[in-house]
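So this one's data18.cif, mmCIF, C-alpha atoms:
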data_run
loop_
_atom_site.label_atom_id
_atom_site.label_comp_id
_atom_site.auth_asym_id
_atom_site.auth_seq_id
_atom_site.Cartn_x
_atom_site.Cartn_y
_atom_site.Cartn_z
CA MET A 1 -14.02 -4.81 191.44
CA ILE A 2 -13.91 -5.83 195.10
CA ASP A 3 -15.50 -2.52 196.18
CA GLN A 4 -18.31 -3.07 193.69
CA LEU A 5 -18.89 -6.61 195.00
CA LYS A 6 -18.98 -5.29 198.58
CA GLU A 7 -21.90 -3.08 197.62
CA ILE A 8 -23.80 -6.23 196.54
CA PHE A 9 -22.59 -8.69 199.20
CA SER A 10 -22.34 -7.14 202.64
CA THR A 11 -20.47 -10.11 204.16
CA LEU A 12 -17.62 -10.00 201.63
CA ILE A 13 -14.17 -10.18 203.20
CA VAL A 14 -10.67 -10.26 201.74
CA TYR A 15 -8.25 -12.83 203.11
CA LYS A 16 -5.02 -11.34 204.42
CA ASP A 17 -1.82 -13.34 204.91
CA GLY A 18 -1.37 -14.20 208.57
CA SER A 19 -5.04 -13.86 209.46
CA ASP A 20 -7.29 -16.68 210.63
CA ASP A 21 -7.87 -19.82 208.56
CA LEU A 22 -10.35 -19.74 205.72
CA SER A 23 -13.73 -20.36 207.37
CA ILE A 24 -16.03 -23.03 205.93
CA ASP A 25 -18.91 -20.62 206.60
CA TYR A 26 -17.75 -18.66 203.56
CA LYS A 27 -17.62 -19.41 199.86
CA TRP A 28 -14.11 -18.46 198.71
CA PHE A 29 -12.97 -17.15 195.35
CA ALA A 30 -9.65 -16.10 193.79
CA THR A 31 -9.52 -12.96 191.67
CA GLY A 32 -7.41 -12.46 188.57
CA LYS A 33 -4.87 -10.70 190.80
CA ASP A 34 -4.63 -13.73 193.13
CA GLU A 35 -6.61 -12.02 195.90
CA ILE A 36 -8.78 -14.40 197.91
CA ILE A 37 -12.24 -13.15 198.82
CA GLY A 38 -15.01 -14.82 200.78
CA ILE A 39 -18.77 -14.33 200.97
CA ARG A 40 -20.90 -15.96 203.66
CA ASN A 41 -22.75 -19.01 202.39
CA ASP A 42 -26.11 -17.78 203.67
CA GLU A 43 -25.85 -14.64 201.50
CA LEU A 44 -25.30 -16.56 198.27
CA THR A 45 -27.85 -18.23 196.04
CA SER A 46 -26.94 -20.83 193.44
CA LYS A 47 -27.54 -18.16 190.79
CA ASP A 48 -25.08 -15.82 192.58
CA ILE A 49 -22.42 -18.55 192.65
CA SER A 50 -22.89 -19.31 188.94
CA LEU A 51 -22.52 -15.64 188.11
CA LEU A 52 -19.46 -15.13 190.31
CA THR A 53 -17.65 -18.13 188.84
CA THR A 54 -17.81 -16.55 185.37
CA PHE A 55 -15.15 -14.01 186.38
CA LEU A 56 -13.75 -15.47 189.64
CA SER A 57 -12.09 -18.83 190.31
CA PRO A 58 -13.61 -20.94 193.10
CA TYR A 59 -11.01 -21.40 195.83
CA ASN A 60 -10.93 -24.68 197.74
CA VAL A 61 -10.39 -24.11 201.46
CA GLN A 62 -8.52 -27.41 201.70
CA PHE A 63 -5.64 -25.87 199.75
CA PRO A 64 -2.90 -24.07 201.68
CA THR A 65 -3.17 -20.31 201.40
CA PRO A 66 -0.85 -19.28 198.52
CA THR A 67 2.43 -17.67 199.52
CA GLU A 68 3.84 -14.62 197.77
CA ALA A 69 6.25 -16.87 195.87
CA GLU A 70 3.36 -19.07 194.68
CA LYS A 71 1.40 -16.02 193.59
CA ASN A 72 4.39 -14.80 191.60
CA TRP A 73 4.84 -18.18 189.93
CA ARG A 74 1.17 -18.34 189.00
CA LYS A 75 1.38 -14.84 187.63
CA ILE A 76 4.30 -15.55 185.30
CA ILE A 77 2.86 -18.89 184.16
CA PHE A 78 -0.84 -18.15 183.80
CA SER A 79 -1.22 -14.38 183.53
CA ALA A 80 -2.22 -13.01 180.14
CA GLU A 81 -0.11 -9.96 180.90
CA LEU A 82 3.61 -10.16 180.23
CA ILE A 83 5.67 -9.69 183.36
CA GLU A 84 9.03 -7.99 183.15
CA GLU A 85 11.93 -9.90 184.69
CA LYS A 86 12.85 -6.76 186.60
CA ASP A 87 9.56 -7.09 188.52
CA TRP A 88 10.25 -10.63 189.70
CA LYS A 89 12.29 -13.58 188.51
CA PRO A 90 13.67 -16.78 190.08
CA SER A 91 17.02 -16.25 191.76
CA ASN A 92 18.35 -19.70 190.78
CA PRO A 93 17.77 -22.35 188.11
CA PHE A 94 14.49 -24.11 188.80
CA ARG A 95 12.51 -27.15 187.76
CA PHE A 96 8.89 -28.24 187.95
CA VAL A 97 8.28 -31.57 189.69
CA TYR A 98 4.82 -33.03 189.08
CA PHE A 99 3.28 -35.13 191.85
CA SER A 100 0.11 -37.16 192.13
CA PHE A 101 -1.42 -39.36 194.79
CA ASN A 102 -4.76 -41.09 195.20
CA LYS A 103 -7.75 -38.95 196.09
CA ASN A 104 -8.39 -38.48 199.81
CA GLN A 105 -5.04 -40.02 200.81
CA ILE A 106 -3.79 -36.83 202.44
CA GLU A 107 -5.04 -33.27 202.74
CA PRO A 108 -3.16 -30.69 200.65
CA VAL A 109 -2.16 -28.71 203.76
CA LEU A 110 -0.58 -31.78 205.38
CA PHE A 111 1.16 -32.73 202.15
CA LYS A 112 2.69 -29.26 201.83
CA ASP A 113 3.85 -29.38 205.46
CA ALA A 114 5.48 -32.77 204.85
CA ILE A 115 7.26 -31.60 201.68
CA GLU A 116 8.59 -28.45 203.36
CA ALA A 117 9.81 -30.50 206.32
CA LEU A 118 11.74 -32.76 203.92
CA PHE A 119 13.21 -29.82 201.99
CA ASP A 120 13.79 -27.97 205.28
CA LYS A 121 12.49 -24.72 203.77
CA GLN A 122 9.42 -23.18 202.13
CA VAL A 123 8.73 -24.75 198.75
CA PRO A 124 6.26 -23.29 196.21
CA ILE A 125 3.53 -25.74 195.19
CA LEU A 126 1.06 -25.09 192.38
CA TRP A 127 -2.02 -27.28 192.81
CA GLU A 128 -3.79 -28.71 189.77
CA SER A 129 -6.36 -30.49 191.96
CA GLU A 130 -6.61 -31.79 195.52
CA HIS A 131 -4.36 -34.73 194.67
CA GLU A 132 -1.91 -33.45 192.04
CA GLY A 133 0.22 -30.44 191.25
CA PHE A 134 3.76 -29.18 190.79
CA ILE A 135 6.53 -28.62 193.31
CA ILE A 136 8.89 -25.85 192.17
CA GLU A 137 12.41 -26.76 193.19
CA GLN A 138 15.16 -24.15 192.93
CA GLN A 139 18.71 -25.40 192.45
CA MET A 140 21.01 -24.28 195.23
CA LEU A 141 24.72 -24.52 194.42
CA GLU A 142 25.71 -25.35 197.98
CA GLU A 143 23.02 -28.02 198.37
CA GLU A 144 22.54 -31.45 196.86
CA SER A 145 19.33 -32.03 194.91
CA ILE A 146 16.83 -33.95 197.01
CA SER A 147 16.11 -37.56 196.08
CA PHE A 148 12.46 -38.03 195.24
CA GLU A 149 12.86 -41.79 195.75
CA GLN A 150 13.75 -40.98 199.37
CA ILE A 151 10.73 -38.69 199.66
CA ILE A 152 8.49 -41.53 198.51
CA ASP A 153 10.02 -43.91 201.06
CA ILE A 154 9.46 -41.40 203.87
CA LEU A 155 5.89 -40.53 202.87
CA MET A 156 5.03 -44.21 202.55
CA SER A 157 6.53 -45.14 205.92
CA ASP A 158 5.31 -42.10 207.89
CA LEU A 159 2.03 -41.15 206.22
CA TYR A 160 1.17 -44.22 204.11
CA VAL A 161 0.87 -42.05 201.03
CA LYS A 162 1.64 -43.66 197.67
CA ILE A 163 2.88 -40.97 195.33
CA ASN A 164 4.34 -40.54 191.85
CA PHE A 165 6.85 -37.86 190.82
CA PHE A 166 7.67 -36.64 187.32
CA VAL A 167 10.87 -34.58 187.50
CA GLY A 168 11.29 -31.87 184.87
CA PRO A 169 14.61 -30.44 183.66
CA TYR A 170 16.22 -27.36 185.21
CA LYS A 171 15.58 -24.02 183.51
CA LYS A 172 17.68 -20.90 183.93
CA ASP A 173 15.11 -18.27 182.95
CA ILE A 174 11.38 -17.76 182.49
CA ALA A 175 11.42 -17.51 178.69
CA ASP A 176 8.54 -19.56 177.19
CA ILE A 177 7.65 -20.72 180.68
CA THR A 178 3.93 -21.14 179.93
CA LEU A 179 4.69 -23.43 176.98
CA HIS A 180 7.19 -25.36 179.12
CA TYR A 181 4.71 -25.77 181.99
CA ASN A 182 1.90 -26.91 179.69
CA SER A 183 4.20 -29.37 177.92
CA LEU A 184 5.33 -30.90 181.22
CA THR A 185 1.74 -31.13 182.41
CA ASN A 186 0.75 -33.01 179.27
CA VAL A 187 3.66 -35.48 179.56
CA ALA A 188 3.29 -35.93 183.34
CA LYS A 189 -0.38 -36.88 183.12
CA ARG A 190 0.41 -39.56 180.51
CA VAL A 191 3.75 -41.10 181.36
CA PHE A 192 2.55 -43.06 184.41
CA LEU A 193 0.12 -44.93 182.15
CA TYR A 194 3.15 -46.55 180.54
CA THR A 195 5.48 -47.34 183.44
CA ASN A 196 5.35 -48.79 186.94
CA LYS A 197 8.17 -46.53 188.16
CA SER A 198 7.23 -44.08 190.91
CA VAL A 199 9.83 -41.49 189.90
CA VAL A 200 10.33 -40.64 186.22
CA THR A 201 12.56 -37.90 184.84
CA TYR A 202 11.83 -35.88 181.73
CA VAL A 203 14.67 -37.63 179.87
CA GLU A 204 13.33 -41.07 180.82
CA ALA A 205 9.81 -40.12 179.73
CA ILE A 206 10.65 -39.16 176.14
CA PRO A 207 10.97 -42.74 174.77
CA PHE A 208 7.64 -43.67 176.40
CA ILE A 209 5.84 -40.66 174.93
CA LEU A 210 7.31 -40.99 171.43
CA THR A 211 6.69 -44.75 171.32
CA LYS A 212 3.13 -44.55 172.62
CA GLN A 213 2.20 -41.92 170.02
CA THR A 214 2.75 -44.61 167.39
CA GLU A 215 -0.25 -46.68 166.35
CA ALA A 216 -0.71 -49.90 168.35
CA GLU A 217 -0.45 -52.11 165.26
CA LEU A 218 2.88 -50.54 164.27
CA ARG A 219 4.21 -50.79 167.85
CA LEU A 220 3.46 -54.51 167.89
CA ASP A 221 5.15 -55.00 164.53
CA ILE A 222 8.27 -53.11 165.70
CA SER A 223 8.43 -55.19 168.85
CA LYS A 224 8.07 -58.49 166.95
CA THR A 225 10.59 -57.45 164.29
CA ILE A 226 13.29 -56.44 166.79
CA LEU A 227 12.77 -59.03 169.54
CA GLN A 228 11.75 -61.88 167.21
CA GLU A 229 11.55 -65.20 169.07
CA TYR A 230 12.48 -63.49 172.35
CA ILE A 231 9.36 -61.34 172.50
CA HIS A 232 7.75 -63.60 175.14
CA ASP A 233 10.99 -64.83 176.73
CA GLU A 234 10.66 -63.18 180.14
CA GLU A 235 14.09 -64.32 181.31
CA THR A 236 15.78 -62.66 178.32
CA ILE A 237 13.58 -59.57 178.64
CA LYS A 238 14.62 -59.24 182.29
CA MET A 239 18.27 -59.57 181.23
CA PHE A 240 17.85 -56.74 178.71
CA GLU A 241 16.07 -54.47 181.20
CA THR A 242 18.78 -55.07 183.80
CA PHE A 243 21.49 -54.40 181.20
CA PHE A 244 19.90 -51.03 180.41
CA LYS A 245 19.51 -50.12 184.08
CA CYS A 246 23.23 -50.87 184.53
CA ASN A 247 24.10 -48.52 181.64
CA LEU A 248 25.29 -51.35 179.36
CA ASN A 249 27.88 -52.39 181.94
CA LEU A 250 28.45 -56.15 181.57
CA SER A 251 30.12 -56.70 184.94
CA GLU A 252 27.46 -54.78 186.88
CA THR A 253 24.64 -56.56 185.01
CA ALA A 254 26.15 -59.97 185.70
CA LYS A 255 26.44 -59.09 189.37
CA VAL A 256 22.79 -58.02 189.63
CA LEU A 257 21.59 -61.12 187.77
CA HIS A 258 23.92 -63.42 189.76
CA LEU A 259 25.53 -64.62 186.54
CA HIS A 260 29.14 -65.17 185.57
CA ARG A 261 30.26 -62.41 183.22
CA ASN A 262 31.12 -64.97 180.54
CA SER A 263 27.61 -66.48 180.80
CA LEU A 264 26.05 -63.06 180.24
CA GLN A 265 28.42 -62.42 177.34
CA TYR A 266 27.43 -65.74 175.78
CA ARG A 267 23.68 -64.94 176.03
CA LEU A 268 24.13 -61.53 174.40
CA GLU A 269 26.21 -63.07 171.60
CA ARG A 270 23.52 -65.72 171.06
CA PHE A 271 20.92 -62.93 170.69
CA PHE A 272 23.24 -61.24 168.16
CA ASP A 273 23.66 -64.47 166.18
CA LYS A 274 19.89 -64.97 165.92
CA THR A 275 18.80 -61.37 165.30
CA GLY A 276 21.82 -59.50 163.97
CA ILE A 277 21.39 -56.96 166.79
CA ASP A 278 24.35 -56.31 169.07
CA ILE A 279 22.79 -54.91 172.22
CA ARG A 280 26.26 -53.97 173.49
CA GLN A 281 26.35 -51.19 170.90
CA PHE A 282 24.55 -47.93 171.78
CA HIS A 283 22.26 -47.61 168.74
CA ASP A 284 21.26 -51.29 168.83
CA ALA A 285 20.63 -51.06 172.57
CA MET A 286 18.44 -47.97 172.04
CA THR A 287 16.40 -49.83 169.40
CA VAL A 288 15.87 -52.85 171.67
CA SER A 289 14.91 -50.54 174.54
CA LEU A 290 12.23 -48.90 172.38
CA ALA A 291 11.01 -52.33 171.26
CA LEU A 292 10.59 -53.33 174.91
CA ILE A 293 8.50 -50.22 175.55
CA ALA A 294 6.43 -50.91 172.43
CA ARG A 295 5.86 -54.47 173.66
CA LYS A 296 3.99 -53.33 176.78
#
Can you give me the file's structure in the form of structure tokens?
Amino acid sequence: MIDQLKEIFSTLIVYKDGSDDLSIDYKWFATGKDEIIGIRNDELTSKDISLLTTFLSPYNVQFPTPTEAEKNWRKIIFSAELIEEKDWKPSNPFRFVYFSFNKNQIEPVLFKDAIEALFDKQVPILWESEHEGFIIEQQMLEEESISFEQIIDILMSDLYVKINFFVGPYKKDIADITLHYNSLTNVAKRVFLYTNKSVVTYVEAIPFILTKQTEAELRLDISKTILQEYIHDEETIKMFETFFKCNLNLSETAKVLHLHRNSLQYRLERFFDKTGIDIRQFHDAMTVSLALIARK
């Protein structure tokens, strides 16, 4: 195909890894085989561009040039052709970590450089747009998993970039990887509508997604039925949220809230007396937690 295009567009060039940066004097495209080609702007008409984009993907020069690892990941996720594991497969368990930041906060190239500096190695990144995409983190047995809360703190202090992370679960193989990637994408783009947290894991996201798929009228009814007279009691709501964050640990919760343990115990027992719900029990706690989500 490239040879045929060269016969039509004399300025066509193919980007090679390690060559000069992608010039803004060229319009760049990605082929189905992840080759990046450029044609000088002055040789293209708007009709030419429209035609080329029917079988080529426009390539934004602000994106970092894809590495071989990123090309392989794109191939196994997006290619219509099945790829045999013998051709290429991840060497370790991996997970997709969605990220998003405000438009024009930081250029993709600078963001990638910052992420690789924090990981202290090359990290594949699949861009969805100029301000969102997926980091692919491989689990290394001899290394601790990086804290994305720490990454946020560093990016905020050094680059003033406000960012959200949605951390997917580890996978051991590439079976059903396209379905997995699409599912994570769908959840990641929705979960931050329901929470103020900057880092959300897949496990944490499930209650938000399941609850928010319920009709608003039913959500309100569930919240009123479970929380009853406490639905607008912000002090009690804060106590519940802290109790959940402390994994139902009474002593830890009392410490965080600066309460005596007996005072906290008394408040939970009073809630039980009025509602019949013992939040100290797992299933009751889970129900109250869902009611709090439905309340928002």
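With distances taken from (7.6, -16.0, 197.4) and restricted to only C-alpha atoms, the residues inside 10 Å are Pro66, Thr67, Glu68, Ala69, Glu70, Lys71, Asn72, Trp73, Trp88, Pro90, Gln122, Val123 and Pro124 of chain A.
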Fill in: Matched chain/residue IDs from the PyMOL selection byres ((chain A and resi 281-291) around 12), as number ranges by chain
A: 204-212, 214, 218-228, 230-231, 236-245, 247-250, 268-269, 271-272, 275-280, 292-296
Practice prompt. Find the distance between CA of Ile36 in chain A and CA of Lys89 in chain A and write it in Å to one decimal.
Written response: 23.1 Å
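In this model, the gap between CA of Asn60 in chain A and CA of Ile39 in chain A comes to 13.4 Å.
Picture a line from CA of Glu116 in chain A to CA of Tyr170 in chain A; it runs 19.7 Å.
Closest to Val187 in chain A among A:Thr45, A:Lys172, A:Ile24, A:Val97 is A:Val97, based on all atoms listed in the file.
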Worksheet entry | Using only C-alpha atoms: which of A:Tyr59, A:Phe119, A:Phe101, A:Phe96 has the shortest distance to Thr185 in chain A | A:Phe96
Worksheet item: Can you find the residues with an atom no farther than 12 Å from (5.5, -45.6, 187.0), counting all atoms listed in the file, and report them as a ChimeraX atom specification?
Response: /A:99-100,162-166,188-201,204-205,208
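Using all atoms listed in the file, the nearest neighbour of Ile136 in chain A within the list A:Lys121, A:Lys171, A:Arg95, A:Arg40 is A:Arg95.
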Give me the result of the PyMOL selection byres ((chain A and resi 11) around 12) on this file, residue by residue, as a tab-separated table (two decimals) with C-alpha atoms, in the frame of the given file.
chain	number	residue	atom	x	y	z
A	2	ILE	CA	-13.91	-5.83	195.10
A	5	LEU	CA	-18.89	-6.61	195.00
A	6	LYS	CA	-18.98	-5.29	198.58
A	7	GLU	CA	-21.90	-3.08	197.62
A	8	ILE	CA	-23.80	-6.23	196.54
A	9	PHE	CA	-22.59	-8.69	199.20
A	10	SER	CA	-22.34	-7.14	202.64
A	12	LEU	CA	-17.62	-10.00	201.63
A	13	ILE	CA	-14.17	-10.18	203.20
A	14	VAL	CA	-10.67	-10.26	201.74
A	25	ASP	CA	-18.91	-20.62	206.60
A	26	TYR	CA	-17.75	-18.66	203.56
A	27	LYS	CA	-17.62	-19.41	199.86
A	28	TRP	CA	-14.11	-18.46	198.71
A	37	ILE	CA	-12.24	-13.15	198.82
A	38	GLY	CA	-15.01	-14.82	200.78
A	39	ILE	CA	-18.77	-14.33	200.97
A	40	ARG	CA	-20.90	-15.96	203.66
A	41	ASN	CA	-22.75	-19.01	202.39
A	42	ASP	CA	-26.11	-17.78	203.67
A	43	GLU	CA	-25.85	-14.64	201.50
A	44	LEU	CA	-25.30	-16.56	198.27
Discussion item. If the PyMOL selection byres ((chain A and resi 138) around 7) were run on this exact file, what residues would it hold? Put them as a PyMOL selection string.
Written reply: chain A and resi 92-95+136-137+139-140
So that I have them on file, write out the residues from the current selection with C-alpha atoms, as an mmCIF file, in the frame of the given file.
data_model
loop_
_atom_site.group_PDB
_atom_site.id
_atom_site.type_symbol
_atom_site.label_atom_id
_atom_site.label_comp_id
_atom_site.auth_asym_id
_atom_site.auth_seq_id
_atom_site.Cartn_x
_atom_site.Cartn_y
_atom_site.Cartn_z
ATOM 1 C CA ASN A 92 18.350 -19.700 190.780
ATOM 2 C CA PRO A 93 17.770 -22.350 188.110
ATOM 3 C CA PHE A 94 14.490 -24.110 188.800
ATOM 4 C CA ARG A 95 12.510 -27.150 187.760
ATOM 5 C CA ILE A 136 8.890 -25.850 192.170
ATOM 6 C CA GLU A 137 12.410 -26.760 193.190
ATOM 7 C CA GLN A 139 18.710 -25.400 192.450
ATOM 8 C CA MET A 140 21.010 -24.280 195.230
#
Item to complete: Name the residues in contact with Lys33 in chain A at a cut-off of 10 Å, using all atoms listed in the file, excluding same-chain residues fewer than 6 positions from it; report them as a ChimeraX atom specification.
Response: /A:71,74-75,79
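Using only C-alpha atoms, the shortest contact distance between Asn102 in chain A and any of A:Asp153, A:Lys47, A:Leu118, A:Val161 is found at A:Val161.
With distances restricted to all atoms listed in the file, A:Ala114 is the closest residue to Met156 in chain A from A:Ile174, A:Leu179, A:Ala114, A:Leu184.
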Worksheet item: Of the residues A:Ile151, A:Ile49, A:Ile146, A:Ile115, which is the one nearest to Phe134 in chain A, using only C-alpha atoms?
Response: A:Ile115
Discussion item. Using all atoms listed in the file, which protein or nucleic acid residues come within 9 Å of Ser251 in chain A? Drop anything in the same chain fewer than 5 positions from it, and give the result as an NGL selection string.
Written reply: :A and (256 or 260-261 or 264)
